[in-house]
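Colleague: Next up, start-v4.cif (mmCIF, C-alpha atoms).
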```cif
data_input
loop_
_atom_site.label_atom_id
_atom_site.label_comp_id
_atom_site.auth_asym_id
_atom_site.auth_seq_id
_atom_site.Cartn_x
_atom_site.Cartn_y
_atom_site.Cartn_z
CA MET W 1 -46.77 -19.16 -22.20
CA ILE W 2 -43.37 -18.42 -20.64
CA GLU W 3 -42.58 -14.76 -19.93
CA VAL W 4 -39.61 -13.26 -21.76
CA SER W 5 -38.06 -12.30 -18.39
CA CYS W 6 -38.34 -15.90 -17.14
CA LEU W 7 -34.81 -17.25 -17.11
CA LEU W 8 -35.65 -20.72 -15.85
CA ARG W 9 -38.88 -22.71 -15.61
CA LEU W 10 -39.71 -26.17 -14.39
CA GLU W 11 -43.04 -27.09 -15.99
CA GLY W 12 -45.04 -30.02 -14.62
CA VAL W 13 -41.83 -31.76 -13.62
CA THR W 14 -41.82 -35.18 -11.97
CA LYS W 15 -38.79 -37.20 -10.90
CA SER W 16 -38.76 -40.83 -9.77
CA PHE W 17 -35.78 -42.86 -8.63
CA ARG W 18 -35.52 -46.63 -8.82
CA ALA W 19 -35.50 -48.18 -5.39
CA LYS W 20 -36.51 -51.47 -3.82
CA PRO W 21 -39.21 -52.50 -3.23
CA ASN W 22 -40.88 -49.45 -4.86
CA PRO W 23 -39.68 -46.42 -6.85
CA VAL W 24 -39.26 -43.16 -4.92
CA GLU W 25 -41.24 -40.24 -6.35
CA ALA W 26 -39.11 -37.23 -5.38
CA LEU W 27 -41.06 -34.60 -7.35
CA ARG W 28 -44.71 -34.67 -8.35
CA GLY W 29 -45.79 -32.15 -10.98
CA VAL W 30 -43.68 -29.18 -9.88
CA THR W 31 -43.97 -25.92 -11.80
CA LEU W 32 -41.59 -23.15 -10.78
CA GLU W 33 -40.49 -19.95 -12.52
CA VAL W 34 -37.35 -17.95 -11.84
CA LYS W 35 -37.20 -14.52 -13.42
CA ALA W 36 -34.01 -12.82 -14.46
CA ALA W 37 -32.25 -10.87 -11.68
CA GLU W 38 -34.33 -12.36 -8.84
CA MET W 39 -33.45 -14.72 -6.01
CA VAL W 40 -35.75 -17.63 -5.18
CA ALA W 41 -35.39 -19.32 -1.78
CA LEU W 42 -36.41 -23.00 -1.60
CA MET W 43 -37.41 -24.23 1.84
CA GLY W 44 -38.87 -27.38 3.32
CA PRO W 45 -38.13 -30.37 5.53
CA SER W 46 -35.56 -32.98 4.64
CA GLY W 47 -36.73 -35.15 1.76
CA SER W 48 -39.18 -32.58 0.44
CA GLY W 49 -37.63 -32.50 -3.04
CA LYS W 50 -35.68 -29.24 -2.83
CA SER W 51 -32.29 -30.61 -3.85
CA THR W 52 -33.87 -32.73 -6.59
CA ALA W 53 -35.55 -29.63 -8.03
CA LEU W 54 -32.21 -27.82 -7.92
CA SER W 55 -30.45 -30.69 -9.68
CA LEU W 56 -33.06 -30.65 -12.44
CA ALA W 57 -32.69 -26.89 -12.80
CA GLY W 58 -28.93 -27.33 -13.11
CA LEU W 59 -29.31 -30.11 -15.72
CA MET W 60 -27.56 -32.59 -13.45
CA LEU W 61 -30.68 -34.78 -13.54
CA ARG W 62 -33.28 -35.40 -16.23
CA PRO W 63 -36.98 -35.22 -15.33
CA THR W 64 -39.08 -38.37 -15.49
CA SER W 65 -41.74 -36.20 -17.10
CA GLY W 66 -42.29 -32.50 -17.65
CA THR W 67 -39.90 -29.96 -19.13
CA VAL W 68 -37.06 -27.72 -17.97
CA PHE W 69 -36.87 -24.43 -19.89
CA LEU W 70 -33.80 -22.16 -19.97
CA SER W 71 -34.44 -18.67 -21.37
CA GLY W 72 -37.68 -19.98 -22.86
CA GLU W 73 -36.07 -22.93 -24.66
CA PRO W 74 -36.43 -26.59 -23.60
CA ALA W 75 -33.26 -28.07 -22.17
CA PRO W 76 -31.47 -30.18 -24.82
CA ASP W 77 -31.80 -33.95 -24.79
CA ASP W 78 -28.25 -34.71 -25.88
CA GLU W 79 -25.57 -34.90 -23.20
CA ARG W 80 -23.14 -32.68 -25.08
CA GLY W 81 -25.68 -29.87 -25.24
CA ARG W 82 -26.58 -30.32 -21.58
CA ALA W 83 -22.90 -30.27 -20.57
CA ARG W 84 -22.34 -27.09 -22.56
CA LEU W 85 -25.18 -25.36 -20.71
CA ARG W 86 -23.99 -26.67 -17.35
CA ASN W 87 -20.64 -25.04 -18.05
CA SER W 88 -21.95 -21.74 -19.42
CA PHE W 89 -25.52 -21.10 -18.25
CA VAL W 90 -25.52 -22.52 -14.71
CA GLY W 91 -23.16 -22.16 -11.76
CA THR W 92 -23.68 -24.53 -8.82
CA VAL W 93 -22.44 -24.40 -5.22
CA HIS W 94 -23.04 -27.46 -3.03
CA GLN W 95 -23.18 -28.12 0.72
CA SER W 96 -19.61 -29.41 0.77
CA TYR W 97 -16.99 -26.96 -0.42
CA ALA W 98 -15.80 -29.31 -3.21
CA VAL W 99 -12.52 -27.44 -3.52
CA ILE W 100 -9.23 -29.23 -4.14
CA GLY W 101 -7.33 -29.04 -0.88
CA ASP W 102 -3.75 -29.39 -2.11
CA ILE W 103 -3.84 -26.55 -4.66
CA ASN W 104 -4.21 -22.82 -4.07
CA GLY W 105 -7.23 -20.55 -4.39
CA ILE W 106 -6.34 -19.22 -7.84
CA ALA W 107 -5.83 -22.73 -9.26
CA ASN W 108 -9.17 -23.92 -7.83
CA VAL W 109 -10.94 -21.18 -9.76
CA GLU W 110 -8.88 -21.60 -12.95
CA ILE W 111 -9.42 -25.35 -13.40
CA PRO W 112 -13.03 -25.22 -14.70
CA LEU W 113 -12.12 -22.27 -16.92
CA GLU W 114 -9.34 -24.32 -18.48
CA TYR W 115 -11.69 -27.28 -18.94
CA ALA W 116 -14.52 -25.26 -20.49
CA SER W 117 -12.33 -22.91 -22.57
CA PRO W 118 -9.01 -24.66 -23.31
CA ARG W 119 -8.06 -22.00 -25.86
CA LEU W 120 -8.43 -19.17 -23.34
CA PRO W 121 -4.96 -17.72 -22.69
CA ARG W 122 -3.55 -18.51 -19.28
CA GLY W 123 -3.22 -14.82 -18.47
CA ARG W 124 -6.91 -14.27 -19.15
CA ARG W 125 -7.82 -17.25 -16.96
CA ARG W 126 -5.75 -15.78 -14.17
CA GLU W 127 -7.45 -12.41 -14.64
CA LEU W 128 -10.94 -13.96 -14.46
CA ALA W 129 -9.98 -15.98 -11.37
CA ARG W 130 -8.68 -12.90 -9.54
CA GLU W 131 -11.80 -10.97 -10.52
CA ALA W 132 -14.10 -13.71 -9.19
CA LEU W 133 -12.17 -14.11 -5.93
CA GLY W 134 -12.32 -10.37 -5.38
CA LYS W 135 -16.06 -10.42 -5.98
CA VAL W 136 -16.53 -12.79 -3.02
CA GLY W 137 -14.27 -10.73 -0.77
CA LEU W 138 -11.09 -12.79 -1.04
CA GLY W 139 -7.82 -11.01 -1.72
CA GLU W 140 -4.21 -11.83 -2.36
CA ASP W 141 -3.82 -13.51 1.03
CA VAL W 142 -5.67 -16.57 -0.33
CA TYR W 143 -4.37 -16.57 -3.90
CA SER W 144 -1.34 -18.71 -3.18
CA ARG W 145 -2.62 -20.53 -0.08
CA ARG W 146 -3.61 -24.15 -0.31
CA ALA W 147 -7.35 -24.54 0.06
CA SER W 148 -6.83 -27.05 2.88
CA SER W 149 -5.31 -24.26 5.01
CA MET W 150 -8.31 -21.97 4.58
CA SER W 151 -11.30 -21.68 6.90
CA GLY W 152 -14.55 -23.35 5.89
CA GLY W 153 -16.04 -19.97 5.02
CA GLN W 154 -13.09 -19.12 2.79
CA GLN W 155 -13.28 -22.49 1.06
CA GLN W 156 -16.98 -22.04 0.35
CA ARG W 157 -16.33 -18.57 -1.04
CA VAL W 158 -13.63 -20.03 -3.30
CA ALA W 159 -16.30 -22.48 -4.51
CA ILE W 160 -18.64 -19.55 -5.21
CA ALA W 161 -15.85 -17.70 -7.04
CA ARG W 162 -15.16 -20.80 -9.14
CA ALA W 163 -18.79 -20.81 -10.30
CA LEU W 164 -18.87 -17.02 -10.87
CA ALA W 165 -15.73 -17.10 -13.01
CA MET W 166 -17.70 -19.03 -15.64
CA LYS W 167 -20.03 -16.01 -16.01
CA PRO W 168 -23.23 -18.05 -15.52
CA ASP W 169 -26.71 -16.70 -16.16
CA ILE W 170 -28.02 -18.30 -12.97
CA MET W 171 -26.43 -19.47 -9.71
CA LEU W 172 -27.76 -22.48 -7.78
CA PHE W 173 -26.92 -22.92 -4.09
CA ASP W 174 -27.73 -26.18 -2.26
CA GLU W 175 -27.65 -25.34 1.47
CA PRO W 176 -24.23 -23.69 1.12
CA THR W 177 -23.92 -22.89 4.84
CA SER W 178 -25.09 -26.18 6.34
CA ALA W 179 -21.53 -27.40 7.04
CA LEU W 180 -20.37 -24.10 8.59
CA ASP W 181 -20.41 -22.75 12.14
CA PRO W 182 -22.39 -19.51 12.75
CA GLU W 183 -19.46 -17.10 12.28
CA LEU W 184 -18.41 -18.64 8.97
CA THR W 185 -22.06 -18.87 7.89
CA GLY W 186 -22.21 -15.09 8.18
CA GLU W 187 -19.26 -14.71 5.78
CA VAL W 188 -20.93 -16.79 3.09
CA LEU W 189 -24.38 -15.23 3.52
CA HIS W 190 -22.82 -11.77 3.24
CA THR W 191 -21.33 -12.79 -0.11
CA MET W 192 -24.67 -14.14 -1.29
CA ARG W 193 -26.50 -10.98 -0.17
CA GLU W 194 -24.09 -8.93 -2.26
CA LEU W 195 -24.74 -11.14 -5.28
CA ALA W 196 -28.49 -10.72 -4.80
CA ALA W 197 -28.05 -6.95 -4.48
CA GLU W 198 -26.17 -7.00 -7.80
CA HIS W 199 -29.18 -8.78 -9.36
CA MET W 200 -27.56 -12.14 -9.91
CA THR W 201 -30.30 -14.66 -10.70
CA MET W 202 -30.20 -17.27 -7.93
CA ILE W 203 -32.03 -20.30 -6.55
CA VAL W 204 -31.01 -21.00 -2.97
CA VAL W 205 -31.97 -24.07 -0.95
CA THR W 206 -31.67 -22.79 2.60
CA HIS W 207 -32.93 -22.95 6.17
CA GLU W 208 -31.63 -19.44 6.91
CA MET W 209 -34.94 -17.67 7.53
CA ALA W 210 -33.55 -14.15 8.04
CA PHE W 211 -31.49 -14.39 4.87
CA ALA W 212 -34.49 -15.55 2.83
CA ARG W 213 -36.70 -12.82 4.28
CA GLU W 214 -34.13 -10.15 3.43
CA ALA W 215 -32.71 -11.25 0.08
CA ALA W 216 -35.32 -13.36 -1.73
CA ALA W 217 -37.86 -12.08 -4.23
CA ASN W 218 -39.86 -15.31 -3.95
CA VAL W 219 -39.94 -17.91 -1.17
CA VAL W 220 -41.06 -21.45 -2.03
CA PHE W 221 -42.06 -24.05 0.57
CA MET W 222 -41.95 -27.69 -0.55
CA GLU W 223 -43.02 -30.94 1.06
CA ASN W 224 -43.47 -34.49 -0.24
CA GLY W 225 -42.34 -33.50 -3.73
CA VAL W 226 -44.81 -30.68 -4.31
CA ILE W 227 -44.88 -26.92 -3.83
CA VAL W 228 -47.17 -26.25 -0.88
CA GLU W 229 -46.94 -22.47 -0.95
CA GLN W 230 -44.91 -19.65 -2.45
CA GLY W 231 -44.92 -15.88 -2.37
CA ALA W 232 -43.07 -12.68 -1.64
CA PRO W 233 -41.15 -12.90 1.65
CA GLN W 234 -43.24 -10.20 3.35
CA THR W 235 -46.41 -12.23 2.80
CA PHE W 236 -44.85 -15.68 3.12
CA PHE W 237 -43.41 -15.04 6.58
CA SER W 238 -46.13 -12.80 8.03
CA THR W 239 -49.37 -14.30 6.67
CA PRO W 240 -48.79 -17.77 5.16
CA LYS W 241 -51.96 -19.30 3.74
CA GLU W 242 -51.35 -22.99 4.38
CA GLU W 243 -51.38 -24.58 7.82
CA ARG W 244 -48.42 -26.79 6.92
CA THR W 245 -46.41 -23.65 6.04
CA ARG W 246 -47.37 -22.05 9.35
CA GLU W 247 -46.30 -25.18 11.23
CA PHE W 248 -42.96 -25.25 9.42
CA LEU W 249 -42.28 -21.60 10.21
CA ARG W 250 -43.23 -22.04 13.87
CA ASN W 251 -40.63 -24.78 14.15
CA MET W 252 -37.95 -22.80 12.33
CA LEU W 253 -38.35 -19.27 13.70
#
```
Once you've parsed the file, please lay out its structure as structure tokens.
Modeller:
Amino acid sequence: MIEVSCLLRLEGVTKSFRAKPNPVEALRGVTLEVKAAEMVALMGPSGSGKSTALSLAGLMLRPTSGTVFLSGEPAPDDERGRARLRNSFVGTVHQSYAVIGDINGIANVEIPLEYASPRLPRGRRRELAREALGKVGLGEDVYSRRASSMSGGQQQRVAIARALAMKPDIMLFDEPTSALDPELTGEVLHTMRELAAEHMTMIVVTHEMAFAREAAANVVFMENGVIVEQGAPQTFFSTPKEERTREFLRNML
């Protein structure tokens, strides 16, 4: 039975991709719960299935078997219903900034609002865009600047603002700092810490150990398409149960 407070659940999810000579099994029977207002950190080596799990949670992929539940309800099968939830329920931020370089910060945030809510007055779209940019610490100095002239950290924060403007129930981050140098990484992690402190529900694929220890409610370690271990950060980092988890942490810390 799924708890009422469980905002998202992957239940017995598998995902295979066609490949020659044999299919690739990216996930093998993964069950993962994310409760409302908590942040879950997904960790693991490259190819462990983290990004695939995130894509299934964000309805960008369909599971080969198993079920994705949103607020206790199975994700819809029809593409229109899935697209509606992708626009309203889920906000996603990827490794690359995915902003449009030749338009300004406000326009980058407004575009998905216009697509999802074409009847929304332009003034209201502008208001929501300004509100979202302010939430990630960006002010008027970036409103009219082309995204291509911004730093990497600013561009990634514009991408976060673009997702926040849609008022999602859950935010998904796929290694959002992997393309940034250490100083700019700090800018983005600060923004994400503030979102966690405001009880935004989040799943974050990350290798930032200190950030996960500080901000996550649950840390999940994956390898070879399965969850090896998960737990509260205090326990996960200080007394992991599995040898493979201990080995991973020794290499990362």
Colleague: Report the residues retrieved by the PyMOL selection byres ((chain W and resi 187) around 12) from the displayed file, expressed as a compact mmCIF listing (two decimals) with C-alpha atoms, keeping the file's coordinate frame.
Modeller:
```txt
# COMPACT_ATOMS: atom_id res chain seq x y z
CA VAL W 136 -16.53 -12.79 -3.02
CA GLY W 137 -14.27 -10.73 -0.77
CA LEU W 138 -11.09 -12.79 -1.04
CA SER W 151 -11.30 -21.68 6.90
CA GLY W 152 -14.55 -23.35 5.89
CA GLY W 153 -16.04 -19.97 5.02
CA GLN W 154 -13.09 -19.12 2.79
CA GLN W 155 -13.28 -22.49 1.06
CA GLN W 156 -16.98 -22.04 0.35
CA ARG W 157 -16.33 -18.57 -1.04
CA VAL W 158 -13.63 -20.03 -3.30
CA PRO W 176 -24.23 -23.69 1.12
CA THR W 177 -23.92 -22.89 4.84
CA LEU W 180 -20.37 -24.10 8.59
CA ASP W 181 -20.41 -22.75 12.14
CA PRO W 182 -22.39 -19.51 12.75
CA GLU W 183 -19.46 -17.10 12.28
CA LEU W 184 -18.41 -18.64 8.97
CA THR W 185 -22.06 -18.87 7.89
CA GLY W 186 -22.21 -15.09 8.18
CA VAL W 188 -20.93 -16.79 3.09
CA LEU W 189 -24.38 -15.23 3.52
CA HIS W 190 -22.82 -11.77 3.24
CA THR W 191 -21.33 -12.79 -0.11
CA MET W 192 -24.67 -14.14 -1.29
CA ARG W 193 -26.50 -10.98 -0.17
CA GLU W 194 -24.09 -8.93 -2.26
```
Colleague: Which residue is closest to W:Lys15? Choose from W:Ala232, W:Ala36, W:Val226, W:Val93 and count all atoms listed in the file.
Modeller: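 Under the stated criterion, the closest residue is W:Val226.
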Colleague: For a quick check of understanding, using only C-alpha atoms, which of W:Asn87, W:Leu120, W:Ile100, W:His94 has the smallest distance to W:Pro168?
Modeller: W:Asn87
Colleague: Pick the closest to W:Asn251 from W:Gln230, W:Glu25, W:Ile160, W:Pro45: which is it, counting all atoms listed in the file?
Modeller: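 Using all atoms listed in the file, the shortest distance to W:Asn251 belongs to W:Pro45.
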Colleague: Hey, which of W:Glu131, W:Glu114, W:Glu33, W:Glu11 ends up closest to W:Pro74? Count all atoms listed in the file.
Modeller: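 Checking each candidate against W:Pro74, we get W:Glu11 as the closest.
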Colleague: What separation in Å, quoted to one decimal, exists between atom CA of W:Val13 and atom CA of W:Val204?
Modeller: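 For atom CA of W:Val13 relative to atom CA of W:Val204, the distance reads 18.6 Å.
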Colleague: Which residue out of W:Val24, W:Ser178, W:Thr239, W:Ser5 has the minimum interatomic distance to W:Gly225 when only C-alpha atoms are used?
Modeller: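 Nearest candidate to W:Gly225 out of W:Val24, W:Ser178, W:Thr239, W:Ser5: W:Val24.
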Colleague: Using the chain letters and numbering of this document, enumerate as a PDB file with C-alpha atoms, in the coordinates of the input the residues selected by the PyMOL selection byres ((chain W and resi 63-70) around 12).
Modeller:
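Result saved to result_35.pdb:
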```pdb
ATOM      1  CA  MET W   1     -46.770 -19.160 -22.200  1.00  0.00           C
ATOM      2  CA  ILE W   2     -43.370 -18.420 -20.640  1.00  0.00           C
ATOM      3  CA  GLU W   3     -42.580 -14.760 -19.930  1.00  0.00           C
ATOM      4  CA  VAL W   4     -39.610 -13.260 -21.760  1.00  0.00           C
ATOM      5  CA  SER W   5     -38.060 -12.300 -18.390  1.00  0.00           C
ATOM      6  CA  CYS W   6     -38.340 -15.900 -17.140  1.00  0.00           C
ATOM      7  CA  LEU W   7     -34.810 -17.250 -17.110  1.00  0.00           C
ATOM      8  CA  LEU W   8     -35.650 -20.720 -15.850  1.00  0.00           C
ATOM      9  CA  ARG W   9     -38.880 -22.710 -15.610  1.00  0.00           C
ATOM     10  CA  LEU W  10     -39.710 -26.170 -14.390  1.00  0.00           C
ATOM     11  CA  GLU W  11     -43.040 -27.090 -15.990  1.00  0.00           C
ATOM     12  CA  GLY W  12     -45.040 -30.020 -14.620  1.00  0.00           C
ATOM     13  CA  VAL W  13     -41.830 -31.760 -13.620  1.00  0.00           C
ATOM     14  CA  THR W  14     -41.820 -35.180 -11.970  1.00  0.00           C
ATOM     15  CA  LYS W  15     -38.790 -37.200 -10.900  1.00  0.00           C
ATOM     16  CA  SER W  16     -38.760 -40.830  -9.770  1.00  0.00           C
ATOM     17  CA  PHE W  17     -35.780 -42.860  -8.630  1.00  0.00           C
ATOM     18  CA  ARG W  18     -35.520 -46.630  -8.820  1.00  0.00           C
ATOM     19  CA  PRO W  23     -39.680 -46.420  -6.850  1.00  0.00           C
ATOM     20  CA  VAL W  24     -39.260 -43.160  -4.920  1.00  0.00           C
ATOM     21  CA  GLU W  25     -41.240 -40.240  -6.350  1.00  0.00           C
ATOM     22  CA  ALA W  26     -39.110 -37.230  -5.380  1.00  0.00           C
ATOM     23  CA  LEU W  27     -41.060 -34.600  -7.350  1.00  0.00           C
ATOM     24  CA  ARG W  28     -44.710 -34.670  -8.350  1.00  0.00           C
ATOM     25  CA  GLY W  29     -45.790 -32.150 -10.980  1.00  0.00           C
ATOM     26  CA  VAL W  30     -43.680 -29.180  -9.880  1.00  0.00           C
ATOM     27  CA  THR W  31     -43.970 -25.920 -11.800  1.00  0.00           C
ATOM     28  CA  LEU W  32     -41.590 -23.150 -10.780  1.00  0.00           C
ATOM     29  CA  GLU W  33     -40.490 -19.950 -12.520  1.00  0.00           C
ATOM     30  CA  VAL W  34     -37.350 -17.950 -11.840  1.00  0.00           C
ATOM     31  CA  LYS W  35     -37.200 -14.520 -13.420  1.00  0.00           C
ATOM     32  CA  ALA W  36     -34.010 -12.820 -14.460  1.00  0.00           C
ATOM     33  CA  THR W  52     -33.870 -32.730  -6.590  1.00  0.00           C
ATOM     34  CA  ALA W  53     -35.550 -29.630  -8.030  1.00  0.00           C
ATOM     35  CA  LEU W  54     -32.210 -27.820  -7.920  1.00  0.00           C
ATOM     36  CA  SER W  55     -30.450 -30.690  -9.680  1.00  0.00           C
ATOM     37  CA  LEU W  56     -33.060 -30.650 -12.440  1.00  0.00           C
ATOM     38  CA  ALA W  57     -32.690 -26.890 -12.800  1.00  0.00           C
ATOM     39  CA  GLY W  58     -28.930 -27.330 -13.110  1.00  0.00           C
ATOM     40  CA  LEU W  59     -29.310 -30.110 -15.720  1.00  0.00           C
ATOM     41  CA  MET W  60     -27.560 -32.590 -13.450  1.00  0.00           C
ATOM     42  CA  LEU W  61     -30.680 -34.780 -13.540  1.00  0.00           C
ATOM     43  CA  ARG W  62     -33.280 -35.400 -16.230  1.00  0.00           C
ATOM     44  CA  SER W  71     -34.440 -18.670 -21.370  1.00  0.00           C
ATOM     45  CA  GLY W  72     -37.680 -19.980 -22.860  1.00  0.00           C
ATOM     46  CA  GLU W  73     -36.070 -22.930 -24.660  1.00  0.00           C
ATOM     47  CA  PRO W  74     -36.430 -26.590 -23.600  1.00  0.00           C
ATOM     48  CA  ALA W  75     -33.260 -28.070 -22.170  1.00  0.00           C
ATOM     49  CA  PRO W  76     -31.470 -30.180 -24.820  1.00  0.00           C
ATOM     50  CA  ASP W  77     -31.800 -33.950 -24.790  1.00  0.00           C
ATOM     51  CA  ARG W  82     -26.580 -30.320 -21.580  1.00  0.00           C
ATOM     52  CA  LEU W  85     -25.180 -25.360 -20.710  1.00  0.00           C
ATOM     53  CA  ARG W  86     -23.990 -26.670 -17.350  1.00  0.00           C
ATOM     54  CA  SER W  88     -21.950 -21.740 -19.420  1.00  0.00           C
ATOM     55  CA  PHE W  89     -25.520 -21.100 -18.250  1.00  0.00           C
ATOM     56  CA  VAL W  90     -25.520 -22.520 -14.710  1.00  0.00           C
ATOM     57  CA  ASP W 169     -26.710 -16.700 -16.160  1.00  0.00           C
ATOM     58  CA  ILE W 170     -28.020 -18.300 -12.970  1.00  0.00           C
TER      59      ILE W 170
END
```
Colleague: Using the chain letters and residue numbers of this document, give as a list in words the residues selected by the PyMOL selection byres ((chain W and resi 245) around 10).
Modeller: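 When the PyMOL selection byres ((chain W and resi 245) around 10) is applied to the shown file, the picked residues are Met43, Gly44, Val220, Phe221, Met222, Glu223, Val228, Glu229, Gln230, Phe236, Phe237, Thr239, Pro240, Lys241, Glu242, Glu243, Arg244, Arg246, Glu247, Phe248, Leu249 and Arg250 of chain W.
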Colleague: Hey, can I get the axis-aligned box for stretch 237-250 of chain W? All listed atoms, 4 Å padding on each side, centre and edge lengths in Å to one decimal, as JSON.
Modeller:
```
{"center_x": -47.1, "center_y": -19.8, "center_z": 8.8, "size_x": 17.7, "size_y": 22.0, "size_z": 18.1}
```
Colleague: Which protein, DNA or RNA residues have an atom at most 9 Å from (-13.4, -19.8, -6.7), counting all atoms listed in the file? List them as a PyMOL selection string.
Modeller: chain W and resi 99+105-110+129-130+132-133+136+155-165
Colleague: Given the choices W:Phe173, W:Lys20, W:Gly47, W:Ala41, which gets closest to W:Ala216 if the distance is worked out from only C-alpha atoms?
Modeller: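 Answer, going by the shortest atom-to-atom distance: W:Ala41.
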Colleague: Please measure the separation of atom CA of W:Thr201 and atom CA of W:Gly91, giving the value in Å to one decimal.
Modeller: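 Rounded to one decimal, the two atoms are 10.4 Å apart.
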Colleague: Quick one: distance from atom CA of W:Asn224 to atom CA of W:Glu38 in Å, one decimal?
Modeller: 25.4 Å
Colleague: Could you write stretch 192-207 of chain W as an mmCIF file, keeping the file's coordinate frame, with N, CA and C atoms rebuilt where they are missing?
Modeller:
```
data_model
loop_
_atom_site.group_PDB
_atom_site.id
_atom_site.type_symbol
_atom_site.label_atom_id
_atom_site.label_comp_id
_atom_site.auth_asym_id
_atom_site.auth_seq_id
_atom_site.Cartn_x
_atom_site.Cartn_y
_atom_site.Cartn_z
ATOM 1 N N MET W 192 -23.458 -13.865 -0.513
ATOM 2 C CA MET W 192 -24.670 -14.140 -1.290
ATOM 3 C C MET W 192 -25.613 -12.942 -1.297
ATOM 4 N N ARG W 193 -25.686 -12.202 -0.185
ATOM 5 C CA ARG W 193 -26.500 -10.980 -0.170
ATOM 6 C C ARG W 193 -25.983 -9.983 -1.188
ATOM 7 N N GLU W 194 -24.660 -9.871 -1.290
ATOM 8 C CA GLU W 194 -24.090 -8.930 -2.260
ATOM 9 C C GLU W 194 -24.411 -9.366 -3.686
ATOM 10 N N LEU W 195 -24.369 -10.660 -3.949
ATOM 11 C CA LEU W 195 -24.740 -11.140 -5.280
ATOM 12 C C LEU W 195 -26.196 -10.826 -5.594
ATOM 13 N N ALA W 196 -27.074 -11.031 -4.604
ATOM 14 C CA ALA W 196 -28.490 -10.720 -4.800
ATOM 15 C C ALA W 196 -28.688 -9.230 -5.046
ATOM 16 N N ALA W 197 -27.939 -8.396 -4.315
ATOM 17 C CA ALA W 197 -28.050 -6.950 -4.480
ATOM 18 C C ALA W 197 -27.570 -6.510 -5.861
ATOM 19 N N GLU W 198 -26.660 -7.297 -6.454
ATOM 20 C CA GLU W 198 -26.170 -7.000 -7.800
ATOM 21 C C GLU W 198 -27.040 -7.649 -8.880
ATOM 22 N N HIS W 199 -28.170 -8.218 -8.453
ATOM 23 C CA HIS W 199 -29.180 -8.780 -9.360
ATOM 24 C C HIS W 199 -28.706 -10.031 -10.087
ATOM 25 N N MET W 200 -27.885 -10.814 -9.405
ATOM 26 C CA MET W 200 -27.560 -12.140 -9.910
ATOM 27 C C MET W 200 -28.800 -13.025 -9.754
ATOM 28 N N THR W 201 -29.184 -13.729 -10.796
ATOM 29 C CA THR W 201 -30.300 -14.660 -10.700
ATOM 30 C C THR W 201 -29.856 -15.882 -9.898
ATOM 31 N N MET W 202 -30.627 -16.238 -8.861
ATOM 32 C CA MET W 202 -30.200 -17.270 -7.930
ATOM 33 C C MET W 202 -31.383 -18.120 -7.474
ATOM 34 N N ILE W 203 -31.129 -19.427 -7.301
ATOM 35 C CA ILE W 203 -32.030 -20.300 -6.550
ATOM 36 C C ILE W 203 -31.219 -20.823 -5.377
ATOM 37 N N VAL W 204 -31.743 -20.642 -4.172
ATOM 38 C CA VAL W 204 -31.010 -21.000 -2.970
ATOM 39 C C VAL W 204 -31.853 -21.940 -2.116
ATOM 40 N N VAL W 205 -31.373 -23.177 -1.933
ATOM 41 C CA VAL W 205 -31.970 -24.070 -0.950
ATOM 42 C C VAL W 205 -31.368 -23.716 0.398
ATOM 43 N N THR W 206 -32.207 -23.300 1.341
ATOM 44 C CA THR W 206 -31.670 -22.790 2.600
ATOM 45 C C THR W 206 -32.667 -22.959 3.740
ATOM 46 N N HIS W 207 -32.115 -23.020 4.954
ATOM 47 C CA HIS W 207 -32.930 -22.950 6.170
ATOM 48 C C HIS W 207 -32.674 -21.644 6.916
#
```
